[in-house]
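For reference, upload_16.cif (mmCIF, C-alpha atoms):
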data_input
#
loop_
_atom_site.label_atom_id
_atom_site.label_comp_id
_atom_site.auth_asym_id
_atom_site.auth_seq_id
_atom_site.Cartn_x
_atom_site.Cartn_y
_atom_site.Cartn_z
CA MET M 1 106.35 89.59 208.78
CA GLN M 2 103.04 90.33 207.08
CA GLU M 3 100.76 92.21 209.46
CA ARG M 4 97.26 90.87 209.87
CA PRO M 5 94.34 93.28 209.54
CA HIS M 6 92.92 94.47 212.88
CA LYS M 7 89.34 95.18 213.79
CA HIS M 8 90.51 97.83 216.29
CA GLU M 9 93.29 100.00 214.92
CA ILE M 10 95.25 102.14 217.37
CA VAL M 11 95.68 105.77 216.34
CA LEU M 12 97.28 107.90 219.05
CA SER M 13 97.20 111.66 219.00
CA GLU M 14 100.32 113.74 219.65
CA GLU M 15 99.04 114.52 223.16
CA GLN M 16 98.42 110.84 223.92
CA ARG M 17 101.87 109.79 222.66
CA HIS M 18 103.48 112.53 224.74
CA ALA M 19 101.54 111.45 227.83
CA LEU M 20 102.60 107.82 227.36
CA HIS M 21 106.27 108.78 226.93
CA GLN M 22 106.09 110.90 230.09
CA LEU M 23 104.47 108.04 231.99
CA ILE M 24 107.23 105.62 230.96
CA SER M 25 110.09 108.06 231.60
CA LYS M 26 108.94 108.77 235.16
CA GLY M 27 108.64 105.06 235.95
CA LYS M 28 106.40 105.63 238.98
CA ALA M 29 103.28 103.90 237.67
CA PRO M 30 102.46 100.24 238.37
CA ALA M 31 104.33 97.73 236.21
CA ARG M 32 101.12 96.62 234.49
CA LYS M 33 100.27 100.19 233.49
CA LEU M 34 103.80 100.81 232.14
CA ALA M 35 103.66 97.61 230.10
CA HIS M 36 100.33 98.60 228.54
CA ALA M 37 101.75 102.05 227.69
CA ARG M 38 104.67 100.45 225.82
CA VAL M 39 102.28 98.15 223.98
CA LEU M 40 100.14 101.08 222.83
CA LEU M 41 103.19 102.95 221.51
CA LYS M 42 104.35 99.91 219.54
CA ILE M 43 100.99 99.15 217.93
CA ASP M 44 100.14 102.79 217.11
CA ARG M 45 99.40 103.03 213.38
CA ASN M 46 101.11 106.44 213.15
CA ALA M 47 104.15 105.48 215.23
CA PRO M 48 107.50 106.44 213.66
CA GLY M 49 109.64 103.54 212.55
CA PRO M 50 108.58 99.96 211.88
CA ARG M 51 105.28 98.83 213.32
CA TRP M 52 105.20 95.69 215.41
CA THR M 53 102.72 92.90 214.94
CA ASP M 54 100.65 91.65 217.88
CA GLU M 55 102.76 88.48 217.96
CA GLN M 56 105.98 90.50 218.19
CA VAL M 57 104.57 92.71 220.95
CA ALA M 58 103.35 89.70 222.92
CA GLU M 59 106.74 87.99 222.66
CA ALA M 60 108.72 91.15 223.53
CA PHE M 61 106.64 92.03 226.62
CA GLU M 62 106.05 88.41 227.69
CA MET M 63 102.29 88.43 227.44
CA SER M 64 99.73 86.57 225.39
CA ARG M 65 98.51 87.81 222.03
CA TYR M 66 95.01 87.84 223.51
CA THR M 67 96.17 90.46 226.07
CA VAL M 68 97.39 92.70 223.23
CA ILE M 69 94.04 92.31 221.45
CA ARG M 70 92.18 93.20 224.65
CA ILE M 71 94.28 96.38 225.02
CA ARG M 72 93.25 97.32 221.46
CA GLU M 73 89.58 96.68 222.24
CA ARG M 74 89.60 98.68 225.48
CA PHE M 75 91.33 101.63 223.78
CA ALA M 76 88.84 101.64 220.91
CA THR M 77 85.84 101.20 223.20
CA ASN M 78 86.62 103.18 226.35
CA GLY M 79 89.68 105.28 225.58
CA LEU M 80 93.26 105.56 226.79
CA ASP M 81 92.65 105.39 230.56
CA ASP M 82 90.79 102.11 230.36
CA ALA M 83 93.45 100.59 228.10
CA LEU M 84 96.13 101.51 230.66
CA THR M 85 94.42 100.61 233.90
CA HIS M 86 91.72 98.15 232.82
CA ARG M 87 89.28 98.87 235.60
CA PRO M 88 86.97 95.86 235.62
CA HIS M 89 83.29 96.69 235.41
CA THR M 90 81.66 96.06 238.75
CA GLN M 91 78.98 93.45 238.44
CA THR M 92 76.36 93.13 241.11
CA ARG M 93 76.69 89.67 242.53
CA ALA M 94 73.46 87.91 243.27
CA ARG M 95 72.93 87.18 246.95
CA ALA M 96 73.40 83.56 247.82
CA LEU M 97 70.65 83.85 250.48
CA ASP M 98 67.82 86.36 250.52
CA GLY M 99 66.56 88.00 253.69
CA GLU M 100 64.06 85.27 254.53
CA GLN M 101 66.60 82.51 254.00
CA GLU M 102 69.15 84.32 256.17
CA ALA M 103 66.52 84.59 258.90
CA HIS M 104 65.92 80.82 258.70
CA LEU M 105 69.68 80.18 258.93
CA ILE M 106 70.03 82.44 261.97
CA ALA M 107 67.08 80.80 263.70
CA LEU M 108 68.44 77.35 262.90
CA SER M 109 71.92 78.15 264.25
CA CYS M 110 70.36 79.47 267.47
CA SER M 111 68.30 76.32 267.97
CA PRO M 112 69.50 73.16 269.76
CA SER M 113 71.82 70.98 267.69
CA PRO M 114 70.42 67.69 266.28
CA GLN M 115 70.38 64.54 268.35
CA GLY M 116 73.78 62.91 268.34
CA GLN M 117 75.58 66.17 267.56
CA ALA M 118 77.31 68.17 270.29
CA ARG M 119 77.09 71.44 268.35
CA TRP M 120 76.24 72.93 264.98
CA THR M 121 78.93 72.93 262.30
CA LEU M 122 78.97 74.86 259.03
CA ARG M 123 78.38 71.75 256.92
CA LEU M 124 75.66 70.53 259.27
CA LEU M 125 73.82 73.85 258.99
CA ALA M 126 74.13 73.82 255.20
CA LYS M 127 72.78 70.26 255.08
CA HIS M 128 69.76 71.06 257.29
CA MET M 129 68.95 74.23 255.34
CA VAL M 130 68.46 72.01 252.26
CA GLU M 131 66.65 69.23 254.13
CA LEU M 132 64.17 71.69 255.64
CA GLY M 133 63.43 73.12 252.20
CA TYR M 134 64.68 76.64 252.91
CA VAL M 135 67.08 76.52 249.94
CA GLU M 136 67.74 74.17 247.05
CA GLN M 137 71.47 74.25 247.71
CA VAL M 138 73.90 76.28 249.80
CA SER M 139 77.62 75.97 250.45
CA TYR M 140 79.15 75.91 253.91
CA GLU M 141 81.19 78.96 252.88
CA THR M 142 77.96 80.91 252.38
CA VAL M 143 76.85 79.74 255.81
CA ARG M 144 80.16 80.92 257.29
CA ARG M 145 79.88 84.40 255.74
CA THR M 146 76.28 84.77 256.90
CA LEU M 147 77.08 83.76 260.47
CA LYS M 148 80.13 86.04 260.53
CA LYS M 149 78.05 88.97 259.30
CA ASN M 150 75.56 88.38 262.11
CA GLU M 151 78.29 87.69 264.72
CA LEU M 152 77.07 84.15 265.40
CA LYS M 153 79.33 81.30 266.54
CA PRO M 154 77.12 78.25 267.21
CA TRP M 155 80.19 76.01 267.73
CA LEU M 156 81.44 78.19 270.63
CA LYS M 157 80.23 77.97 274.23
CA GLU M 158 81.13 80.20 277.17
CA CYS M 159 80.52 79.53 280.83
CA TRP M 160 78.79 82.23 282.84
CA CYS M 161 78.00 82.34 286.53
CA ILE M 162 75.21 84.79 287.42
CA PRO M 163 71.90 84.07 289.22
CA THR M 164 68.86 83.77 287.01
CA HIS M 165 66.55 85.84 289.22
CA ALA M 166 66.54 88.70 291.75
CA ASN M 167 68.89 87.90 294.61
CA ALA M 168 69.46 90.36 297.45
CA GLN M 169 72.20 88.20 298.98
CA PHE M 170 74.13 88.26 295.71
CA VAL M 171 73.95 92.03 295.21
CA TRP M 172 74.87 92.70 298.84
CA HIS M 173 78.11 90.74 298.54
CA MET M 174 78.75 92.07 295.02
CA GLU M 175 78.43 95.72 296.00
CA GLY M 176 80.61 95.13 299.04
CA VAL M 177 83.41 93.76 296.84
CA LEU M 178 82.97 96.51 294.23
CA GLU M 179 83.19 99.16 296.94
CA VAL M 180 86.55 97.73 298.04
CA TYR M 181 87.84 97.96 294.48
CA THR M 182 87.07 101.71 294.36
CA ARG M 183 89.31 102.51 297.32
CA PRO M 184 92.66 104.13 296.44
CA TYR M 185 95.94 102.39 297.10
CA ASP M 186 97.08 102.62 300.71
CA GLU M 187 99.97 100.47 301.92
CA ARG M 188 98.48 100.51 305.42
CA PHE M 189 95.28 98.92 304.11
CA PRO M 190 96.30 96.75 301.12
CA GLN M 191 93.59 95.17 298.98
CA ILE M 192 94.38 91.49 298.53
CA CYS M 193 92.40 88.94 296.50
CA MET M 194 92.83 85.28 297.37
CA ASP M 195 91.80 82.09 295.59
CA GLU M 196 92.87 78.47 295.20
CA SER M 197 93.17 76.04 292.32
CA GLY M 198 94.88 72.74 291.50
CA LYS M 199 97.64 71.31 289.33
CA GLN M 200 97.99 67.66 288.33
CA LEU M 201 101.56 66.38 288.30
CA ILE M 202 102.29 64.49 285.07
CA SER M 203 105.55 62.89 283.95
CA ASP M 204 106.56 61.62 280.50
CA LYS M 205 107.23 57.94 279.96
CA LEU M 206 109.51 58.77 277.02
CA GLU M 207 111.66 61.84 276.62
CA GLY M 208 110.25 64.30 274.11
CA LEU M 209 111.92 65.85 271.06
CA PRO M 210 112.72 69.58 271.13
CA LEU M 211 111.51 72.13 268.62
CA GLN M 212 113.51 72.14 265.38
CA PRO M 213 113.35 74.10 262.11
CA GLY M 214 110.60 72.56 260.03
CA GLY M 215 109.00 70.63 262.88
CA PRO M 216 107.18 71.31 266.18
CA GLU M 217 108.12 70.09 269.61
CA ARG M 218 107.03 66.48 270.05
CA TYR M 219 106.10 64.48 273.13
CA ASP M 220 104.67 61.03 273.67
CA TYR M 221 100.92 60.72 274.13
CA SER M 222 101.32 58.33 277.07
CA TYR M 223 102.25 59.66 280.49
CA GLU M 224 102.34 58.78 284.18
CA GLN M 225 99.84 60.55 286.38
CA GLY M 226 101.05 61.96 289.69
CA PRO M 227 99.22 63.50 292.66
CA MET M 228 96.95 66.53 292.44
CA LEU M 229 98.45 69.50 294.27
CA ASN M 230 96.65 72.54 295.60
CA LEU M 231 97.71 76.07 294.70
CA PHE M 232 96.97 79.06 296.93
CA LEU M 233 97.28 82.47 295.29
CA ALA M 234 97.06 85.93 296.80
CA CYS M 235 97.47 89.07 294.69
CA GLU M 236 97.49 92.77 295.36
CA PRO M 237 96.14 94.24 292.10
CA LEU M 238 96.88 97.90 292.88
CA ALA M 239 100.52 97.18 293.81
CA GLY M 240 101.18 94.60 291.10
CA LYS M 241 102.29 91.91 293.57
CA ARG M 242 101.26 88.29 293.92
CA MET M 243 102.18 85.25 296.00
CA VAL M 244 101.64 81.58 295.10
CA LYS M 245 102.16 78.50 297.23
CA ALA M 246 101.76 74.80 296.40
CA THR M 247 100.46 72.43 299.07
CA GLU M 248 99.64 68.73 299.10
CA GLN M 249 96.23 69.41 300.69
CA LYS M 250 93.75 72.27 300.92
CA THR M 251 92.52 71.95 304.48
CA SER M 252 91.68 74.84 306.77
CA LYS M 253 95.10 74.50 308.40
CA ASP M 254 96.81 74.82 305.00
CA TRP M 255 94.80 77.98 304.34
CA ALA M 256 95.69 79.34 307.80
CA HIS M 257 99.42 78.82 307.26
CA PHE M 258 99.23 80.40 303.80
CA MET M 259 97.41 83.46 305.17
CA GLN M 260 99.95 83.77 307.98
CA GLU M 261 102.62 84.01 305.28
CA VAL M 262 100.56 86.59 303.38
CA ILE M 263 100.12 88.70 306.50
CA ASP M 264 103.67 88.49 307.88
CA VAL M 265 105.73 88.24 304.67
CA HIS M 266 103.65 89.81 301.90
CA SER M 267 102.20 92.70 303.95
CA PRO M 268 104.20 92.95 307.20
CA HIS M 269 103.46 96.66 307.72
CA ALA M 270 99.72 96.56 307.04
CA GLU M 271 97.36 97.73 309.75
CA LYS M 272 94.42 95.90 308.18
CA ILE M 273 94.22 93.76 305.02
CA LEU M 274 91.09 94.10 302.88
CA LEU M 275 90.73 90.46 301.84
CA VAL M 276 88.46 89.45 298.94
CA MET M 277 87.84 85.70 298.62
CA ASP M 278 85.11 83.14 298.06
CA ASN M 279 83.05 81.80 300.93
CA LEU M 280 84.47 78.28 301.31
CA ALA M 281 84.18 76.62 304.67
CA THR M 282 87.96 76.37 304.94
CA HIS M 283 88.40 80.09 304.18
CA SER M 284 87.52 81.38 307.61
CA PRO M 285 89.37 83.08 310.51
CA ALA M 286 88.24 80.11 312.56
CA ALA M 287 90.97 78.15 310.76
CA PHE M 288 93.58 80.18 312.64
CA TYR M 289 92.38 78.62 315.90
CA HIS M 290 92.86 75.13 314.43
CA ALA M 291 96.43 75.88 313.36
CA PHE M 292 97.85 78.26 316.00
CA PRO M 293 97.65 79.08 319.70
CA PRO M 294 94.77 81.43 320.65
CA ALA M 295 96.92 84.56 320.95
CA GLU M 296 98.48 84.06 317.52
CA ALA M 297 95.12 83.15 315.99
CA ARG M 298 93.58 86.32 317.41
CA ARG M 299 96.44 88.43 316.06
CA LEU M 300 96.07 87.03 312.56
CA ALA M 301 92.27 87.27 312.53
CA SER M 302 92.37 90.91 313.66
CA LYS M 303 94.54 91.75 310.64
CA LEU M 304 91.80 90.84 308.17
CA GLU M 305 88.73 92.69 306.91
CA ILE M 306 87.06 89.96 304.89
CA HIS M 307 84.77 90.56 301.89
CA HIS M 308 83.30 87.37 300.44
CA THR M 309 82.32 87.14 296.78
CA PRO M 310 78.70 85.98 296.38
CA LEU M 311 77.63 82.51 295.32
CA HIS M 312 77.80 82.41 291.49
CA GLY M 313 79.98 85.52 291.64
CA SER M 314 83.53 84.18 291.60
CA TRP M 315 84.21 86.41 288.56
CA LEU M 316 84.31 89.32 291.04
CA ASN M 317 87.55 87.97 292.50
CA MET M 318 90.56 89.45 290.71
CA ALA M 319 92.63 86.49 291.90
CA GLU M 320 90.95 84.51 289.10
CA ILE M 321 92.58 86.85 286.57
CA GLU M 322 95.97 86.05 288.09
CA PHE M 323 95.22 82.32 288.06
CA ALA M 324 94.33 82.56 284.36
CA ALA M 325 97.68 84.25 283.67
CA LEU M 326 99.51 81.64 285.77
CA ALA M 327 97.82 78.76 283.96
CA ARG M 328 98.47 80.21 280.51
CA GLN M 329 102.02 81.45 281.05
CA CYS M 330 103.47 78.84 283.41
CA LEU M 331 101.33 75.77 284.12
CA ALA M 332 100.29 74.82 280.58
CA ARG M 333 102.77 71.94 280.34
CA ARG M 334 103.65 68.66 282.02
CA MET M 335 105.47 68.84 285.35
CA ALA M 336 106.64 65.69 287.06
CA THR M 337 107.68 66.68 290.57
CA VAL M 338 106.69 69.05 293.34
CA GLU M 339 110.16 70.61 293.22
CA GLU M 340 109.82 71.40 289.51
CA LEU M 341 106.37 72.90 290.03
CA GLU M 342 107.52 75.07 292.93
CA HIS M 343 110.59 76.23 290.98
CA GLN M 344 108.59 77.20 287.89
CA ILE M 345 105.95 79.00 289.97
CA ALA M 346 108.65 80.89 291.87
CA CYS M 347 110.26 82.04 288.60
CA TRP M 348 106.89 83.15 287.20
CA GLN M 349 106.05 85.00 290.43
CA GLU M 350 109.41 86.76 290.53
CA GLN M 351 109.18 87.90 286.91
CA ARG M 352 105.58 89.09 287.21
CA ASN M 353 106.28 90.94 290.47
CA ALA M 354 109.35 92.58 288.93
CA ALA M 355 107.15 93.85 286.09
CA ALA M 356 104.61 95.08 288.70
CA THR M 357 101.72 93.88 286.53
CA THR M 358 98.49 95.44 287.83
CA VAL M 359 94.80 94.90 287.09
CA ASN M 360 92.64 97.75 285.82
CA TRP M 361 89.20 96.85 287.20
CA ARG M 362 86.45 98.85 285.44
CA PHE M 363 83.17 97.24 286.52
CA THR M 364 81.55 99.46 289.16
CA THR M 365 78.44 99.47 291.31
CA ALA M 366 76.84 101.97 288.91
CA ASP M 367 77.46 99.54 286.05
CA ALA M 368 76.01 96.67 288.08
CA ARG M 369 72.79 98.58 288.81
CA ILE M 370 72.29 99.05 285.08
CA LYS M 371 73.59 95.83 283.52
CA LEU M 372 72.44 93.52 286.34
CA LYS M 373 69.27 95.42 287.23
CA ARG M 374 67.20 92.23 287.19
CA LEU M 375 69.18 90.95 290.20
CA TYR M 376 68.08 93.88 292.41
CA PRO M 377 64.76 93.13 294.13
CA SER M 378 64.31 96.78 295.16
CA LEU M 379 64.84 98.12 291.64
CA LYS M 380 62.49 95.52 290.26
CA THR M 381 59.82 96.45 292.81
CA THR M 382 60.28 100.16 292.14
CA THR M 383 59.85 99.58 288.42
CA THR M 384 56.69 97.58 289.03
CA ASN M 385 55.22 100.28 291.31
CA SER M 386 56.03 103.00 288.78
CA GLU M 387 54.31 101.05 286.05
CA GLN M 388 51.24 100.58 288.28
CA GLU M 389 51.10 104.32 289.08
CA HIS M 390 51.40 105.13 285.38
CA VAL M 391 48.51 102.80 284.56
CA ALA M 392 46.40 104.29 287.39
CA LYS M 393 46.91 107.83 286.05
CA ASP M 394 45.90 106.76 282.57
CA VAL M 395 42.73 105.25 283.95
#
Could you take the file, read its structure, and then write that structure out as structure tokens?
Amino acid sequence: MQERPHKHEIVLSEEQRHALHQLISKGKAPARKLAHARVLLKIDRNAPGPRWTDEQVAEAFEMSRYTVIRIRERFATNGLDDALTHRPHTQTRARALDGEQEAHLIALSCSPSPQGQARWTLRLLAKHMVELGYVEQVSYETVRRTLKKNELKPWLKECWCIPTHANAQFVWHMEGVLEVYTRPYDERFPQICMDESGKQLISDKLEGLPLQPGGPERYDYSYEQGPMLNLFLACEPLAGKRMVKATEQKTSKDWAHFMQEVIDVHSPHAEKILLVMDNLATHSPAAFYHAFPPAEARRLASKLEIHHTPLHGSWLNMAEIEFAALARQCLARRMATVEELEHQIACWQEQRNAAATTVNWRFTTADARIKLKRLYPSLKTTTTNSEQEHVAKDV
């Protein structure tokens, strides 16, 4: 085959040919680099034996003729290393949004969503950026990257429960609960957190289809709604124990019977139980007198040292952590009967108690006095007085 003239002839030195042969014989380089080394040896003008044309090289190494030409050009322009590795030249990519435009996007995403829209979306933000004249055009992918860089998620909402102003009642209850959490484990004085929640019984009208390879589990969208049951939960975070009970109602008598079970079954040897719970009207030692004779009610009430979480401070109750685990691991499915619910809860409780899963509570009173300083009237007053004294000295 008649060889065509080349603009970039390959002329390898003895050292370069030796280096390429060594590279190929070792076989440890990337496949692309080894292929380029073989190409260079075949198209070398001073190579011993017959010289290959670019078409022959491309066919033998299963690449396009254009790739062979590019290897020639890179060798002639930048040398052997570039021909082997082909490091692409880094080009500075123009920013899709400049600093001012990014600031407008951040401000827009932090503003209320338009009327008729529950929340901002990427496409909605991109559309409003153009409509407001901040940019001529912008893709929703650019909006996504900008929000990610600034750790903004305008489509996400989280519920928080903290007072908006200084509240001595809140900090009194909060510090009381936090002080309990700092006490070391003592089986004579167990720390127990108690809370209640609900579970709706739901049964399928049609039997579902199980999970199979290539398809998810399927169930019918229609269902039959059953009664709402109440769930009492008591957990001992330091010991890794918990106790759950389902009841048809959540009256004070139901609470009293549940707490009797906690006292006599869960902690029969305790001298005093440090009980953390919310301040519902039904969660009171007075309930014992509704449910039991006076002597029994007095016995049960004397076993408890109660610490109420403050209003808007239910997050201080570690029982909520256990309820979250229960809901996620056990209750997140349809259950048709009370018996099924009780059986599944009992299995979950047994497994979690066997694993002795504990809670590592880290939020302390010292943290609260820093992070929630605005809730402390005394700290706020002290700060104000210090500022006034500072101003007086300057004057």
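Nearest residue to Phe189 of chain M among M:Ser222, M:Asn230, M:Gln212, M:Ser267 is M:Ser267, counting all atoms listed in the file.
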>> Going by the chain IDs and residue numbers used in this file, which residues fall under the PyMOL selection byres ((chain M and resi 8) around 10)? Write them as a list of chain:residue names.
In response: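 Expected selection for the PyMOL selection byres ((chain M and resi 8) around 10) here is M:Pro5, M:His6, M:Lys7, M:Glu9, M:Ile10, M:Val11, M:Ile69, M:Arg70, M:Ile71, M:Arg72, M:Glu73, M:Arg74, M:Phe75, M:Ala76, M:Thr77.
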Export, as a compact mmCIF listing (two decimals), in the coordinates of the input, the selected residues with C-alpha atoms.
# COMPACT_ATOMS: atom_id res chain seq x y z
CA PRO M 5 94.34 93.28 209.54
CA HIS M 6 92.92 94.47 212.88
CA LYS M 7 89.34 95.18 213.79
CA GLU M 9 93.29 100.00 214.92
CA ILE M 10 95.25 102.14 217.37
CA VAL M 11 95.68 105.77 216.34
CA ILE M 69 94.04 92.31 221.45
CA ARG M 70 92.18 93.20 224.65
CA ILE M 71 94.28 96.38 225.02
CA ARG M 72 93.25 97.32 221.46
CA GLU M 73 89.58 96.68 222.24
CA ARG M 74 89.60 98.68 225.48
CA PHE M 75 91.33 101.63 223.78
CA ALA M 76 88.84 101.64 220.91
CA THR M 77 85.84 101.20 223.20
>> For a test of reading the model, state the distance in Å between atom CA of Ala96 of chain M and atom CA of Thr142 of chain M, rounded to one decimal.
In response: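 Result for atom CA of Ala96 of chain M versus atom CA of Thr142 of chain M: 7.0 Å, one decimal.
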> Any chance you could work out the residue set of the PyMOL selection byres ((chain M and resi 41) around 10) here, as a PyMOL selection string?
Replying inline: chain M and resi 10-12+16-17+20-21+36-40+42-48+51-52
>> Could you tell me how far atom CA of Lys303 of chain M sits from atom CA of Gln349 of chain M, in Å to one decimal place?
In response: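 Taking atom CA of Gln349 of chain M as the start and atom CA of Lys303 of chain M as the end point, the length is 24.2 Å.
Counting from atom CA of Asn279 of chain M, the distance to atom CA of Ala319 of chain M is 14.0 Å.
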> Which residue gives the smallest distance to Ile24 of chain M among M:Leu275, M:Thr121, M:Ala356, M:Leu84, with all atoms listed in the file counted?
Replying inline: M:Leu84
> Quick one: of M:Met174, M:Ala246, M:Leu97, M:Gly116, who's nearest to Glu141 of chain M, counting all atoms listed in the file?
Replying inline: M:Leu97
Contacts of Asp204 of chain M at 12 Å (all atoms listed in the file; same-chain gap of 6+ positions) as an mmCIF file with C-alpha atoms, keeping the file's coordinate frame:
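Full text of out_12.cif as output:
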data_model
loop_
_atom_site.group_PDB
_atom_site.id
_atom_site.type_symbol
_atom_site.label_atom_id
_atom_site.label_comp_id
_atom_site.auth_asym_id
_atom_site.auth_seq_id
_atom_site.Cartn_x
_atom_site.Cartn_y
_atom_site.Cartn_z
ATOM 1 C CA ARG M 218 107.030 66.480 270.050
ATOM 2 C CA TYR M 219 106.100 64.480 273.130
ATOM 3 C CA ASP M 220 104.670 61.030 273.670
ATOM 4 C CA TYR M 221 100.920 60.720 274.130
ATOM 5 C CA SER M 222 101.320 58.330 277.070
ATOM 6 C CA TYR M 223 102.250 59.660 280.490
ATOM 7 C CA GLU M 224 102.340 58.780 284.180
ATOM 8 C CA GLN M 225 99.840 60.550 286.380
ATOM 9 C CA GLY M 226 101.050 61.960 289.690
ATOM 10 C CA ARG M 333 102.770 71.940 280.340
ATOM 11 C CA ARG M 334 103.650 68.660 282.020
ATOM 12 C CA MET M 335 105.470 68.840 285.350
ATOM 13 C CA ALA M 336 106.640 65.690 287.060
ATOM 14 C CA THR M 337 107.680 66.680 290.570
#
> Near Cys330 of chain M, within 8 Å and counting all atoms listed in the file, which residues show up once chain neighbours fewer than 3 positions away are dropped, as a list in words?
Replying inline: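 Result of the neighbour search: Ala325, Leu326, Ala327, Arg333, Gln344, Ile345 and Trp348 of chain M.
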Keeping C-alpha atoms, export the residues of the selection given above as an mmCIF file, keeping the file's coordinate frame.
data_model
loop_
_atom_site.group_PDB
_atom_site.id
_atom_site.type_symbol
_atom_site.label_atom_id
_atom_site.label_comp_id
_atom_site.auth_asym_id
_atom_site.auth_seq_id
_atom_site.Cartn_x
_atom_site.Cartn_y
_atom_site.Cartn_z
ATOM 1 C CA ALA M 325 97.680 84.250 283.670
ATOM 2 C CA LEU M 326 99.510 81.640 285.770
ATOM 3 C CA ALA M 327 97.820 78.760 283.960
ATOM 4 C CA ARG M 333 102.770 71.940 280.340
ATOM 5 C CA GLN M 344 108.590 77.200 287.890
ATOM 6 C CA ILE M 345 105.950 79.000 289.970
ATOM 7 C CA TRP M 348 106.890 83.150 287.200
#
> What residues have an atom no more than 6 Å from (99.3, 85.4, 293.1) in the file's own frame, counting all atoms listed in the file, and can you write them as an MDAnalysis selection string?
Replying inline: chainID M and resid 233:235 242:244
Emit the selected residues as a JSON list (two decimals), in the coordinates of the input, including C-alpha atoms.
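That gives us part_39.json:
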[["chain", "number", "residue", "atom", "x", "y", "z"],
["M", 233, "LEU", "CA", 97.28, 82.47, 295.29],
["M", 234, "ALA", "CA", 97.06, 85.93, 296.80],
["M", 235, "CYS", "CA", 97.47, 89.07, 294.69],
["M", 242, "ARG", "CA", 101.26, 88.29, 293.92],
["M", 243, "MET", "CA", 102.18, 85.25, 296.00],
["M", 244, "VAL", "CA", 101.64, 81.58, 295.10]]
> In file coordinates, which residues lie within 12 Å of (85.2, 83.5, 306.4) using all atoms listed in the file, given as an MDAnalysis selection string?
Replying inline: chainID M and resid 194 252 255:256 275:288 301 304:309
>> List the spatial neighbours of segment 147-159 of chain M as JSON, numbers by chain - criterion: any atom at most 8 Å away, all atoms listed in the file, same-chain residues fewer than 3 positions off excluded.
In response: {"M": [106, 109, 110, 119, 120, 121, 143, 144]}
Let's have the selection written as a PDB file, in the coordinates of the input, with C-alpha atoms.
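See part_26.pdb below for the written result:
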ATOM      1  CA  ILE M 106      70.030  82.440 261.970  1.00  0.00           C
ATOM      2  CA  SER M 109      71.920  78.150 264.250  1.00  0.00           C
ATOM      3  CA  CYS M 110      70.360  79.470 267.470  1.00  0.00           C
ATOM      4  CA  ARG M 119      77.090  71.440 268.350  1.00  0.00           C
ATOM      5  CA  TRP M 120      76.240  72.930 264.980  1.00  0.00           C
ATOM      6  CA  THR M 121      78.930  72.930 262.300  1.00  0.00           C
ATOM      7  CA  VAL M 143      76.850  79.740 255.810  1.00  0.00           C
ATOM      8  CA  ARG M 144      80.160  80.920 257.290  1.00  0.00           C
TER       9      ARG M 144
END
>> Just checking: using all atoms listed in the file, which residue out of M:Leu300, M:Leu80, M:Val359, M:Leu125 ends up closest to Ile273 of chain M?
In response: M:Leu300
>> Restricting the calculation to only C-alpha atoms: of M:Pro30, M:Leu124, M:Lys245, M:Tyr66, which residue gets closest to Glu339 of chain M?
In response: M:Lys245
>> Could you check the closest approach to Asp54 of chain M for each of M:Val68, M:Lys241, M:Asp186, M:Ala19 and tell me which residue wins, using all atoms listed in the file?
In response: M:Val68
Can you pull out every residue within 8 Å of Gln191 of chain M, counting only C-alpha atoms, but drop anything in the same chain fewer than 5 positions away, and send it as a CSV table (one decimal) with C-alpha atoms, in the frame of the given file?
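Dumped to selection_6.csv:
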chain,number,residue,atom,x,y,z
M,180,VAL,CA,86.6,97.7,298.0
M,181,TYR,CA,87.8,98.0,294.5
M,185,TYR,CA,95.9,102.4,297.1
M,236,GLU,CA,97.5,92.8,295.4
M,237,PRO,CA,96.1,94.2,292.1
M,238,LEU,CA,96.9,97.9,292.9
M,273,ILE,CA,94.2,93.8,305.0
M,274,LEU,CA,91.1,94.1,302.9
M,275,LEU,CA,90.7,90.5,301.8
M,276,VAL,CA,88.5,89.4,298.9
Residues at most 8 Å from segment 160-164 of chain M, counting only C-alpha atoms, excluding those fewer than 3 positions away in the same chain, as a compact mmCIF listing (two decimals) with C-alpha atoms, in the frame of the given file?
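Saved the output as selection-v5.txt:
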# COMPACT_ATOMS: atom_id res chain seq x y z
CA ASN M 167 68.89 87.90 294.61
CA HIS M 312 77.80 82.41 291.49
CA GLY M 313 79.98 85.52 291.64
CA SER M 314 83.53 84.18 291.60
CA TRP M 315 84.21 86.41 288.56
CA LEU M 375 69.18 90.95 290.20
> Could you write out as a list in words the residues that the PyMOL selection byres ((chain M and resi 362-365) around 9) matches in the shown file?
Replying inline: Met174, Glu175, Leu178, Glu179, Tyr181, Thr182, Asn360, Trp361, Ala366, Asp367, Ala368, Arg369 and Ile370 of chain M
